[in-house]
file my_file-v7.cif (mmCIF, C-alpha atoms and all ligand atoms)
data_my_file
loop_
_atom_site.label_atom_id
_atom_site.label_comp_id
_atom_site.auth_asym_id
_atom_site.auth_seq_id
_atom_site.Cartn_x
_atom_site.Cartn_y
_atom_site.Cartn_z
CA MET A 264 -28.89 1.28 16.34
CA HIS A 265 -27.17 -1.47 18.21
CA PRO A 266 -25.59 0.01 21.39
CA GLN A 267 -22.19 -1.53 20.60
CA MET A 268 -21.80 -0.06 17.10
CA ARG A 269 -19.20 2.41 18.38
CA LEU A 270 -17.05 -0.51 19.52
CA LEU A 271 -17.58 -2.30 16.23
CA ASP A 272 -16.53 0.86 14.36
CA ARG A 273 -13.40 0.99 16.54
CA LEU A 274 -12.77 -2.70 15.79
CA GLN A 275 -12.93 -1.96 12.09
CA GLN A 276 -10.44 0.90 12.47
CA LEU A 277 -8.04 -1.47 14.20
CA ASP A 278 -8.55 -4.08 11.50
CA ASP A 279 -7.87 -1.49 8.78
CA GLU A 280 -4.64 -0.58 10.51
CA LEU A 281 -3.71 -4.25 10.88
CA ASP A 282 -4.43 -4.82 7.17
CA GLN A 283 -2.14 -1.93 6.25
CA LEU A 284 0.64 -3.04 8.58
CA ARG A 285 0.49 -6.62 7.29
CA GLN A 286 0.64 -5.33 3.72
CA LEU A 287 3.71 -3.26 4.55
CA LEU A 288 5.33 -6.26 6.22
CA LYS A 289 4.63 -8.38 3.16
CA ARG A 290 6.08 -5.74 0.84
CA LEU A 291 9.35 -5.40 2.78
CA ASP A 292 12.27 -6.37 0.58
CA PRO A 293 14.38 -9.04 2.33
CA GLY A 294 17.26 -8.33 -0.11
CA GLU A 295 17.18 -11.51 -2.14
CA HIS A 296 18.60 -9.75 -5.23
CA LEU A 297 21.62 -8.63 -3.19
CA ARG A 298 22.09 -12.08 -1.72
CA GLN A 299 22.07 -13.47 -5.25
CA ARG A 300 24.64 -10.91 -6.43
CA LEU A 301 26.76 -11.79 -3.43
CA ASN A 302 26.65 -15.49 -4.28
CA GLU A 303 27.44 -14.83 -7.94
CA SER A 304 30.40 -12.64 -7.03
CA ARG A 305 31.75 -15.25 -4.58
CA GLN A 306 31.40 -17.97 -7.18
CA ARG A 307 33.17 -15.85 -9.79
CA LEU A 308 36.02 -15.13 -7.39
CA GLU A 309 36.38 -18.85 -6.64
CA GLU A 310 36.52 -19.63 -10.38
CA ILE A 311 39.21 -17.02 -11.05
CA LYS A 312 41.24 -18.20 -8.05
CA GLN A 313 40.98 -21.78 -9.30
CA ARG A 314 42.19 -20.68 -12.73
CA TYR A 315 45.06 -18.81 -11.08
CA ARG A 316 46.11 -21.92 -9.11
CA GLU A 317 46.07 -23.97 -12.34
CA LEU A 318 48.26 -21.40 -14.06
CA GLN A 319 50.62 -21.36 -11.09
CA ALA A 320 51.01 -25.13 -11.25
CA ALA A 321 51.54 -25.03 -15.03
CA ALA A 322 54.19 -22.29 -14.69
CA HIS A 323 55.96 -24.28 -11.99
CA ASP A 324 56.07 -27.37 -14.25
CA GLN A 325 57.29 -25.28 -17.13
CA GLN A 326 60.11 -23.87 -15.00
CA LEU A 327 61.25 -27.34 -13.96
CA GLN A 328 61.21 -28.52 -17.58
CA LEU A 329 63.18 -25.44 -18.59
CA GLN A 330 65.81 -26.12 -15.92
CA SER A 331 66.29 -29.71 -17.01
CA ALA A 332 66.49 -28.60 -20.67
CA GLU A 333 69.20 -26.08 -19.71
CA GLU A 334 71.06 -28.83 -17.90
CA ARG A 335 70.88 -31.14 -20.89
CA ILE A 336 72.21 -28.37 -23.15
CA ARG A 337 75.07 -27.61 -20.75
CA HIS A 338 75.91 -31.28 -20.58
CA ALA A 339 75.89 -31.66 -24.39
CA GLU A 340 78.00 -28.53 -24.85
CA ALA A 341 80.52 -29.80 -22.33
CA GLU A 342 80.65 -33.01 -24.31
CA LEU A 343 81.06 -31.06 -27.57
CA TYR A 344 84.06 -29.09 -26.27
CA SER A 345 85.60 -31.85 -24.19
CA GLY A 346 87.81 -33.02 -27.04
CA ARG A 347 86.67 -36.60 -26.43
CA ILE A 348 84.75 -36.69 -29.70
CA ARG A 349 87.00 -36.47 -32.69
CA ASN A 350 84.86 -37.88 -35.45
CA PRO A 351 83.58 -34.84 -37.47
CA ARG A 352 80.28 -36.63 -38.22
CA GLU A 353 79.66 -37.32 -34.56
CA LEU A 354 80.57 -33.73 -33.76
CA GLU A 355 78.18 -32.45 -36.40
CA ALA A 356 75.39 -34.70 -35.13
CA LEU A 357 75.94 -33.46 -31.58
CA GLN A 358 75.90 -29.83 -32.69
CA HIS A 359 72.67 -30.58 -34.52
CA ASP A 360 71.15 -32.03 -31.33
CA ILE A 361 72.24 -29.01 -29.35
CA ASP A 362 70.57 -26.66 -31.85
CA ALA A 363 67.33 -28.65 -31.64
CA MET A 364 67.46 -28.56 -27.84
CA ARG A 365 68.00 -24.79 -27.92
CA ARG A 366 64.96 -24.31 -30.13
CA ALA A 367 62.83 -26.42 -27.81
CA HIS A 368 64.23 -24.46 -24.86
CA ASP A 369 63.26 -21.14 -26.47
CA GLN A 370 59.73 -22.42 -27.07
CA MET A 371 59.45 -23.41 -23.40
CA GLU A 372 60.65 -19.97 -22.37
CA LEU A 373 57.97 -18.32 -24.53
CA GLU A 374 55.32 -20.56 -23.05
CA LEU A 375 56.50 -19.67 -19.53
CA LEU A 376 56.26 -15.96 -20.38
CA ARG A 377 52.75 -16.48 -21.71
CA LEU A 378 51.75 -18.27 -18.49
CA TRP A 379 53.18 -15.45 -16.36
CA GLU A 380 51.28 -12.86 -18.38
CA GLU A 381 48.03 -14.73 -17.95
CA MET A 382 48.71 -15.07 -14.23
CA GLU A 383 49.11 -11.32 -14.02
CA THR A 384 45.79 -10.74 -15.77
CA GLN A 385 44.04 -13.24 -13.52
CA GLY A 386 45.69 -11.68 -10.48
CA GLN A 387 44.25 -8.28 -11.42
CA GLN A 388 40.84 -9.84 -11.90
CA ILE A 389 41.06 -11.40 -8.46
CA GLN A 390 41.73 -7.97 -6.95
CA GLU A 391 38.88 -6.35 -8.89
CA THR A 392 36.43 -9.11 -7.99
CA GLU A 393 37.46 -8.97 -4.33
CA ALA A 394 36.84 -5.22 -4.26
CA ASP A 395 33.48 -5.74 -5.94
CA LEU A 396 32.59 -8.46 -3.47
CA ARG A 397 33.47 -6.28 -0.47
CA GLN A 398 31.21 -3.55 -1.84
CA ILE A 399 28.28 -5.93 -2.27
CA GLU A 400 28.90 -7.34 1.21
CA VAL A 401 28.63 -3.86 2.71
CA MET A 402 25.46 -3.13 0.72
CA PHE A 403 23.93 -6.44 1.74
CA GLU A 404 24.83 -5.92 5.41
CA GLN A 405 23.29 -2.42 5.42
CA HIS A 406 20.20 -3.67 3.65
CA GLN A 407 19.81 -6.52 6.13
CA GLN A 408 20.07 -4.16 9.09
CA ARG A 409 17.46 -1.85 7.60
CA TYR A 410 15.18 -4.74 6.74
CA GLN A 411 15.43 -6.34 10.20
CA ALA A 412 14.75 -2.99 11.90
CA GLN A 413 11.70 -2.26 9.73
CA LYS A 414 10.42 -5.79 10.16
CA ALA A 415 10.77 -5.65 13.95
CA ARG A 416 9.02 -2.27 14.07
CA LEU A 417 6.06 -3.49 11.98
CA GLU A 418 5.78 -6.71 13.94
CA ALA A 419 5.69 -4.76 17.22
CA GLU A 420 2.97 -2.47 15.83
CA ILE A 421 0.94 -5.49 14.73
CA GLU A 422 1.36 -7.22 18.08
CA LYS A 423 0.22 -4.10 19.93
CA ARG A 424 -2.92 -3.81 17.81
CA GLU A 425 -3.69 -7.50 18.08
CA ALA A 426 -3.70 -7.18 21.86
CA MET A 427 -5.96 -4.11 21.64
CA ARG A 428 -8.22 -6.00 19.28
CA ALA A 429 -8.57 -8.98 21.61
CA GLN A 430 -9.49 -6.62 24.45
CA LEU A 431 -12.07 -4.90 22.29
CA VAL A 432 -13.61 -8.11 20.96
CA ALA A 433 -14.07 -9.33 24.55
CA GLN A 434 -16.37 -6.34 25.13
CA ILE A 435 -18.63 -6.92 22.13
CA GLU A 436 -21.46 -9.44 21.82
CA PRO A 437 -20.07 -12.52 20.04
CA ALA A 438 -23.02 -12.58 17.58
CA LEU A 439 -22.24 -9.01 16.49
CA VAL A 440 -18.54 -9.77 16.09
CA GLN A 441 -19.46 -12.87 14.12
CA ARG A 442 -21.68 -10.85 11.82
CA TYR A 443 -18.93 -8.27 11.31
CA GLU A 444 -16.34 -10.97 10.56
CA THR A 445 -18.61 -12.59 7.98
CA MET A 446 -19.55 -9.34 6.26
CA ARG A 447 -16.15 -7.64 6.15
CA PRO A 448 -14.46 -9.83 3.50
CA ARG A 449 -17.55 -9.58 1.27
CA LEU A 450 -17.81 -5.78 1.46
CA ALA A 451 -14.31 -4.64 0.50
CA ARG A 452 -13.22 -4.98 4.14
CA LYS A 453 -15.80 -2.44 5.33
CA ALA A 454 -18.65 -4.03 7.31
CA VAL A 455 -19.38 -0.85 9.22
CA ALA A 456 -20.26 2.43 7.50
CA ARG A 457 -20.53 5.69 9.37
CA VAL A 458 -23.50 7.97 8.90
CA GLU A 459 -22.51 11.46 7.77
CA ASN A 460 -25.10 14.13 6.94
CA GLU A 461 -27.80 11.44 7.10
CA ALA A 462 -26.09 9.47 4.35
CA CYS A 463 -24.06 6.24 4.32
CA ALA A 464 -20.41 7.35 4.19
CA ALA A 465 -19.39 4.20 2.34
CA CYS A 466 -21.78 4.34 -0.63
CA ARG A 467 -23.03 7.93 -0.26
CA THR A 468 -26.70 6.89 -0.33
CA LYS A 469 -29.00 9.19 1.56
CA LEU A 470 -30.80 7.40 4.44
CA THR A 471 -34.58 7.11 4.11
CA PRO A 472 -36.69 8.58 6.95
CA TYR A 473 -37.58 5.00 7.80
CA LEU A 474 -33.89 4.08 8.33
CA VAL A 475 -33.23 7.27 10.29
CA ASN A 476 -36.11 6.32 12.51
CA ARG A 477 -34.93 2.74 12.99
CA LEU A 478 -31.44 3.90 13.85
CA LYS A 479 -32.93 6.15 16.51
CA GLU A 480 -35.47 3.67 17.90
CA SER A 481 -34.20 0.12 17.42
CA HIS A 482 -31.39 -1.63 19.30
CA ASP A 483 -30.67 -4.01 16.44
CA PRO A 484 -27.94 -3.48 13.88
CA VAL A 485 -29.31 -1.37 11.02
CA THR A 486 -27.88 -1.88 7.56
CA CYS A 487 -27.62 0.52 4.63
CA GLU A 488 -30.34 -0.28 2.07
CA SER A 489 -27.93 0.31 -0.79
CA CYS A 490 -24.61 -1.35 0.21
CA GLY A 491 -25.73 -3.57 3.09
CA ARG A 492 -23.17 -2.31 5.61
CA MET A 493 -24.04 -1.92 9.29
CA LEU A 494 -24.54 1.75 10.02
CA TYR A 495 -22.86 3.61 12.84
CA TRP A 496 -24.19 7.04 13.62
CA ALA A 497 -21.87 8.72 16.10
CA ALA A 498 -24.39 11.48 16.83
CA LEU A 499 -26.73 8.88 18.34
CA ASP A 500 -24.06 7.55 20.64
CA PRO A 501 -24.27 8.95 24.15
CA PRO A 502 -20.76 10.11 25.07
CA GLU A 503 -20.40 7.75 28.05
CA THR A 504 -21.61 4.45 26.57
CA THR A 505 -18.16 2.90 26.15
CA PRO A 506 -17.75 0.33 28.93
CA THR A 507 -14.46 0.44 30.76
CA PRO A 508 -12.24 -2.52 29.92
ZN ZN A 601 -24.17 2.21 2.08
#
call {"tool": "encode", "arguments": {"input": "my_file-v7.cif", "output": "structure tokens"}}
result
Amino acid sequence: MHPQMRLLDRLQQLDDELDQLRQLLKRLDPGEHLRQRLNESRQRLEEIKQRYRELQAAAHDQQLQLQSAEERIRHAEAELYSGRIRNPRELEALQHDIDAMRRAHDQMELELLRLWEEMETQGQQIQETEADLRQIEVMFEQHQQRYQAQKARLEAEIEKREAMRAQLVAQIEPALVQRYETMRPRLARKAVARVENEACAACRTKLTPYLVNRLKESHDPVTCESCGRMLYWAALDPPETTPTP
């Protein structure tokens, strides 16, 4: 067995951990659905507020029109009772005009009431939407804090392992690292298989006496005859072979 298989096995452990951490980092939810809800709620609030401002302007106009209608009626009534008009036909015509103006005035008053009612409804909707928005803002803020904390924690874990990995790689023969790097993606991210009970722990194939012998005698990497992974047999490793970094 190659004398650096222990280090290569350790490298693979680190790479497994890095794979897992990177997966977790990728699966973290950055809260896009909440951001979208937040945007929708803000847009809705803006639309309702716009509608409210339009109603306000319409009600204001209506009030001005109503005031001028009231003035015209007062003026016509003053004319009617002034005694200046004596002709009964003229008087009748004026009374007729006043009646028409009163009807128009009543219509305007109804329309103003309708506008006020709608303003009240829109005002309630503004309050409800604002409350809804505040709730989503709090949820989004909490989610962001959680997400940033988890992200920072995972990134720190990854950084730590990457430094350990670089240290480890510097201790291993480049050709062996190269072989490991080439094999790992092709073998379900396991280029090194441990030997347990004289069998390959990855594919469970029993080692032949020939392989057992080669592992004991040779200093080359020995691969499993069934799955092709480089074999690491901890029992063959002298306890003090790990070089100090
Ligand atoms: Zn195998």
call {"tool": "residues_near_ligand", "arguments": {"input": "my_file-v7.cif", "ligand": "ligand ZN 601 (chain A)", "cutoff": "12 Å", "atoms": "only C-alpha atoms and all ligand atoms", "output": "ChimeraX atom specification"}}
result
/A:450,453-459,461-471,474,485-495
call {"tool": "atom_distance", "arguments": {"input": "my_file-v7.cif", "atom1": "atom CA of Leu277 of chain A", "atom2": "atom CA of Met264 of chain A"}}
result
21.1 Å
call {"tool": "residues_around", "arguments": {"input": "my_file-v7.cif", "residues": "segment 329-337 of chain A", "least_positions_apart": "5", "cutoff": "10 Å", "atoms": "all atoms listed in the file", "output": "list in words"}}
result
His323, Asp324, Glu342, Leu343, Asp360, Ile361, Asp362, Ala363, Met364, Arg365, Ala367, His368, Asp369, Gln370, Met371, Glu372 and Leu375 of chain A
call {"tool": "residues_around", "arguments": {"input": "my_file-v7.cif", "residues": "Arg316 of chain A", "least_positions_apart": "5", "cutoff": "10 Å", "atoms": "all atoms listed in the file", "output": "PyMOL selection string"}}
result
chain A and resi 310-311+321-322+382+385
call {"tool": "write_last_selection", "arguments": {"input": "my_file-v7.cif", "atoms": "C-alpha atoms", "output": "PDB file, in the frame of the given file"}}
result
ATOM      1  CA  GLU A 310      36.520 -19.630 -10.380  1.00  0.00           C
ATOM      2  CA  ILE A 311      39.210 -17.020 -11.050  1.00  0.00           C
ATOM      3  CA  ALA A 321      51.540 -25.030 -15.030  1.00  0.00           C
ATOM      4  CA  ALA A 322      54.190 -22.290 -14.690  1.00  0.00           C
ATOM      5  CA  MET A 382      48.710 -15.070 -14.230  1.00  0.00           C
ATOM      6  CA  GLN A 385      44.040 -13.240 -13.520  1.00  0.00           C
TER       7      GLN A 385
END
call {"tool": "atom_distance", "arguments": {"input": "my_file-v7.cif", "atom1": "atom CA of Glu381 of chain A", "atom2": "atom CA of Arg307 of chain A"}}
result
17.0 Å
call {"tool": "closest_residue", "arguments": {"input": "my_file-v7.cif", "among": "A:Ala451, A:Ala429, A:Ala438, A:Met446", "to": "Gln267 of chain A", "atoms": "only C-alpha atoms"}}
result
A:Ala438
call {"tool": "closest_residue", "arguments": {"input": "my_file-v7.cif", "among": "A:Glu391, A:Asp292, A:Glu436, A:Asp279", "to": "Gln413 of chain A", "atoms": "all atoms listed in the file"}}
result
A:Asp292
call {"tool": "atom_distance", "arguments": {"input": "my_file-v7.cif", "atom1": "atom CA of Leu288 of chain A", "atom2": "atom CA of Glu420 of chain A"}}
result
10.6 Å
call {"tool": "closest_residue", "arguments": {"input": "my_file-v7.cif", "among": "A:Asn302, A:Gln430, A:Gln275, A:Gln325", "to": "Leu373 of chain A", "atoms": "all atoms listed in the file"}}
result
A:Gln325
call {"tool": "closest_residue", "arguments": {"input": "my_file-v7.cif", "among": "A:Glu418, A:Glu303, A:Glu340, A:Glu374", "to": "Gln358 of chain A", "atoms": "only C-alpha atoms"}}
result
A:Glu340
call {"tool": "residues_around", "arguments": {"input": "my_file-v7.cif", "residues": "Gln286 of chain A", "least_positions_apart": "4", "cutoff": "12 Å", "atoms": "all atoms listed in the file", "output": "MDAnalysis selection string"}}
result
chainID A and resid 279:282 290:291 414 417:418 421
call {"tool": "residues_near_point", "arguments": {"input": "my_file-v7.cif", "point": "(-23.5, -6.6, 18.1)", "cutoff": "12 Å", "atoms": "all atoms listed in the file", "output": "number ranges by chain"}}
result
A: 264-272, 274, 432-444, 455, 482-485, 493-495
call {"tool": "residues_around", "arguments": {"input": "my_file-v7.cif", "residues": "Gln407 of chain A", "least_positions_apart": "4", "cutoff": "9 Å", "atoms": "all atoms listed in the file", "output": "list in words"}}
result
Pro293, Gly294, Met402, Phe403, Gln411 and Ala412 of chain A
call {"tool": "build_atoms", "arguments": {"input": "my_file-v7.cif", "residues": "segment 341-377 of chain A", "atoms": "N, CA and C atoms", "output": "PDB file, in the frame of the given file"}}
result
ATOM      1  N   ALA A 341      79.290 -29.358 -22.989  1.00  0.00           N
ATOM      2  CA  ALA A 341      80.520 -29.800 -22.330  1.00  0.00           C
ATOM      3  C   ALA A 341      81.143 -30.969 -23.099  1.00  0.00           C
ATOM      4  N   GLU A 342      80.222 -31.854 -23.532  1.00  0.00           N
ATOM      5  CA  GLU A 342      80.650 -33.010 -24.310  1.00  0.00           C
ATOM      6  C   GLU A 342      81.287 -32.547 -25.636  1.00  0.00           C
ATOM      7  N   LEU A 343      80.623 -31.567 -26.257  1.00  0.00           N
ATOM      8  CA  LEU A 343      81.060 -31.060 -27.570  1.00  0.00           C
ATOM      9  C   LEU A 343      82.493 -30.496 -27.482  1.00  0.00           C
ATOM     10  N   TYR A 344      82.755 -29.750 -26.370  1.00  0.00           N
ATOM     11  CA  TYR A 344      84.060 -29.090 -26.270  1.00  0.00           C
ATOM     12  C   TYR A 344      85.052 -29.872 -25.434  1.00  0.00           C
ATOM     13  N   SER A 345      84.706 -31.079 -25.066  1.00  0.00           N
ATOM     14  CA  SER A 345      85.600 -31.850 -24.190  1.00  0.00           C
ATOM     15  C   SER A 345      86.825 -32.379 -24.925  1.00  0.00           C
ATOM     16  N   GLY A 346      86.721 -32.465 -26.252  1.00  0.00           N
ATOM     17  CA  GLY A 346      87.810 -33.020 -27.040  1.00  0.00           C
ATOM     18  C   GLY A 346      87.770 -34.544 -27.107  1.00  0.00           C
ATOM     19  N   ARG A 347      86.771 -35.145 -26.410  1.00  0.00           N
ATOM     20  CA  ARG A 347      86.670 -36.600 -26.430  1.00  0.00           C
ATOM     21  C   ARG A 347      86.134 -37.101 -27.770  1.00  0.00           C
ATOM     22  N   ILE A 348      85.313 -36.276 -28.416  1.00  0.00           N
ATOM     23  CA  ILE A 348      84.750 -36.690 -29.700  1.00  0.00           C
ATOM     24  C   ILE A 348      85.599 -36.077 -30.808  1.00  0.00           C
ATOM     25  N   ARG A 349      86.100 -36.957 -31.626  1.00  0.00           N
ATOM     26  CA  ARG A 349      87.000 -36.470 -32.690  1.00  0.00           C
ATOM     27  C   ARG A 349      86.341 -36.598 -34.058  1.00  0.00           C
ATOM     28  N   ASN A 350      85.517 -37.603 -34.173  1.00  0.00           N
ATOM     29  CA  ASN A 350      84.860 -37.880 -35.450  1.00  0.00           C
ATOM     30  C   ASN A 350      83.993 -36.680 -35.862  1.00  0.00           C
ATOM     31  N   PRO A 351      84.324 -36.045 -37.035  1.00  0.00           N
ATOM     32  CA  PRO A 351      83.580 -34.840 -37.470  1.00  0.00           C
ATOM     33  C   PRO A 351      82.088 -35.113 -37.614  1.00  0.00           C
ATOM     34  N   ARG A 352      81.707 -36.331 -38.058  1.00  0.00           N
ATOM     35  CA  ARG A 352      80.280 -36.630 -38.220  1.00  0.00           C
ATOM     36  C   ARG A 352      79.570 -36.652 -36.880  1.00  0.00           C
ATOM     37  N   GLU A 353      80.245 -37.263 -35.904  1.00  0.00           N
ATOM     38  CA  GLU A 353      79.660 -37.320 -34.560  1.00  0.00           C
ATOM     39  C   GLU A 353      79.536 -35.907 -34.001  1.00  0.00           C
ATOM     40  N   LEU A 354      80.590 -35.117 -34.241  1.00  0.00           N
ATOM     41  CA  LEU A 354      80.570 -33.730 -33.760  1.00  0.00           C
ATOM     42  C   LEU A 354      79.409 -32.938 -34.385  1.00  0.00           C
ATOM     43  N   GLU A 355      79.251 -33.150 -35.674  1.00  0.00           N
ATOM     44  CA  GLU A 355      78.180 -32.450 -36.400  1.00  0.00           C
ATOM     45  C   GLU A 355      76.800 -32.857 -35.885  1.00  0.00           C
ATOM     46  N   ALA A 356      76.672 -34.187 -35.639  1.00  0.00           N
ATOM     47  CA  ALA A 356      75.390 -34.700 -35.130  1.00  0.00           C
ATOM     48  C   ALA A 356      75.091 -34.106 -33.772  1.00  0.00           C
ATOM     49  N   LEU A 357      76.126 -34.023 -32.919  1.00  0.00           N
ATOM     50  CA  LEU A 357      75.940 -33.460 -31.580  1.00  0.00           C
ATOM     51  C   LEU A 357      75.548 -31.991 -31.655  1.00  0.00           C
ATOM     52  N   GLN A 358      76.245 -31.251 -32.522  1.00  0.00           N
ATOM     53  CA  GLN A 358      75.900 -29.830 -32.690  1.00  0.00           C
ATOM     54  C   GLN A 358      74.442 -29.670 -33.126  1.00  0.00           C
ATOM     55  N   HIS A 359      74.040 -30.565 -34.016  1.00  0.00           N
ATOM     56  CA  HIS A 359      72.670 -30.580 -34.520  1.00  0.00           C
ATOM     57  C   HIS A 359      71.668 -30.786 -33.377  1.00  0.00           C
ATOM     58  N   ASP A 360      72.004 -31.745 -32.497  1.00  0.00           N
ATOM     59  CA  ASP A 360      71.150 -32.030 -31.330  1.00  0.00           C
ATOM     60  C   ASP A 360      71.056 -30.800 -30.434  1.00  0.00           C
ATOM     61  N   ILE A 361      72.222 -30.191 -30.227  1.00  0.00           N
ATOM     62  CA  ILE A 361      72.240 -29.010 -29.350  1.00  0.00           C
ATOM     63  C   ILE A 361      71.347 -27.905 -29.924  1.00  0.00           C
ATOM     64  N   ASP A 362      71.417 -27.681 -31.216  1.00  0.00           N
ATOM     65  CA  ASP A 362      70.570 -26.660 -31.850  1.00  0.00           C
ATOM     66  C   ASP A 362      69.086 -26.963 -31.622  1.00  0.00           C
ATOM     67  N   ALA A 363      68.733 -28.254 -31.822  1.00  0.00           N
ATOM     68  CA  ALA A 363      67.330 -28.650 -31.640  1.00  0.00           C
ATOM     69  C   ALA A 363      66.899 -28.411 -30.199  1.00  0.00           C
ATOM     70  N   MET A 364      67.791 -28.751 -29.254  1.00  0.00           N
ATOM     71  CA  MET A 364      67.460 -28.560 -27.840  1.00  0.00           C
ATOM     72  C   MET A 364      67.291 -27.077 -27.518  1.00  0.00           C
ATOM     73  N   ARG A 365      68.120 -26.237 -28.166  1.00  0.00           N
ATOM     74  CA  ARG A 365      68.000 -24.790 -27.920  1.00  0.00           C
ATOM     75  C   ARG A 365      66.651 -24.256 -28.427  1.00  0.00           C
ATOM     76  N   ARG A 366      66.243 -24.758 -29.585  1.00  0.00           N
ATOM     77  CA  ARG A 366      64.960 -24.310 -30.130  1.00  0.00           C
ATOM     78  C   ARG A 366      63.805 -24.710 -29.203  1.00  0.00           C
ATOM     79  N   ALA A 367      63.878 -25.953 -28.738  1.00  0.00           N
ATOM     80  CA  ALA A 367      62.830 -26.420 -27.810  1.00  0.00           C
ATOM     81  C   ALA A 367      62.851 -25.580 -26.531  1.00  0.00           C
ATOM     82  N   HIS A 368      64.061 -25.282 -26.064  1.00  0.00           N
ATOM     83  CA  HIS A 368      64.230 -24.460 -24.860  1.00  0.00           C
ATOM     84  C   HIS A 368      63.592 -23.080 -25.047  1.00  0.00           C
ATOM     85  N   ASP A 369      63.818 -22.480 -26.206  1.00  0.00           N
ATOM     86  CA  ASP A 369      63.260 -21.140 -26.470  1.00  0.00           C
ATOM     87  C   ASP A 369      61.724 -21.181 -26.484  1.00  0.00           C
ATOM     88  N   GLN A 370      61.191 -22.246 -27.054  1.00  0.00           N
ATOM     89  CA  GLN A 370      59.730 -22.420 -27.070  1.00  0.00           C
ATOM     90  C   GLN A 370      59.183 -22.488 -25.642  1.00  0.00           C
ATOM     91  N   MET A 371      59.881 -23.269 -24.803  1.00  0.00           N
ATOM     92  CA  MET A 371      59.450 -23.410 -23.400  1.00  0.00           C
ATOM     93  C   MET A 371      59.492 -22.062 -22.698  1.00  0.00           C
ATOM     94  N   GLU A 372      60.502 -21.289 -22.999  1.00  0.00           N
ATOM     95  CA  GLU A 372      60.650 -19.970 -22.370  1.00  0.00           C
ATOM     96  C   GLU A 372      59.491 -19.053 -22.761  1.00  0.00           C
ATOM     97  N   LEU A 373      59.115 -19.125 -24.054  1.00  0.00           N
ATOM     98  CA  LEU A 373      57.970 -18.320 -24.530  1.00  0.00           C
ATOM     99  C   LEU A 373      56.688 -18.740 -23.820  1.00  0.00           C
ATOM    100  N   GLU A 374      56.521 -20.047 -23.698  1.00  0.00           N
ATOM    101  CA  GLU A 374      55.320 -20.560 -23.050  1.00  0.00           C
ATOM    102  C   GLU A 374      55.279 -20.105 -21.583  1.00  0.00           C
ATOM    103  N   LEU A 375      56.430 -20.114 -20.931  1.00  0.00           N
ATOM    104  CA  LEU A 375      56.500 -19.670 -19.530  1.00  0.00           C
ATOM    105  C   LEU A 375      56.110 -18.186 -19.427  1.00  0.00           C
ATOM    106  N   LEU A 376      56.616 -17.394 -20.369  1.00  0.00           N
ATOM    107  CA  LEU A 376      56.260 -15.960 -20.380  1.00  0.00           C
ATOM    108  C   LEU A 376      54.767 -15.776 -20.537  1.00  0.00           C
ATOM    109  N   ARG A 377      54.191 -16.571 -21.465  1.00  0.00           N
ATOM    110  CA  ARG A 377      52.750 -16.480 -21.710  1.00  0.00           C
ATOM    111  C   ARG A 377      51.976 -16.824 -20.435  1.00  0.00           C
TER     112      ARG A 377
END
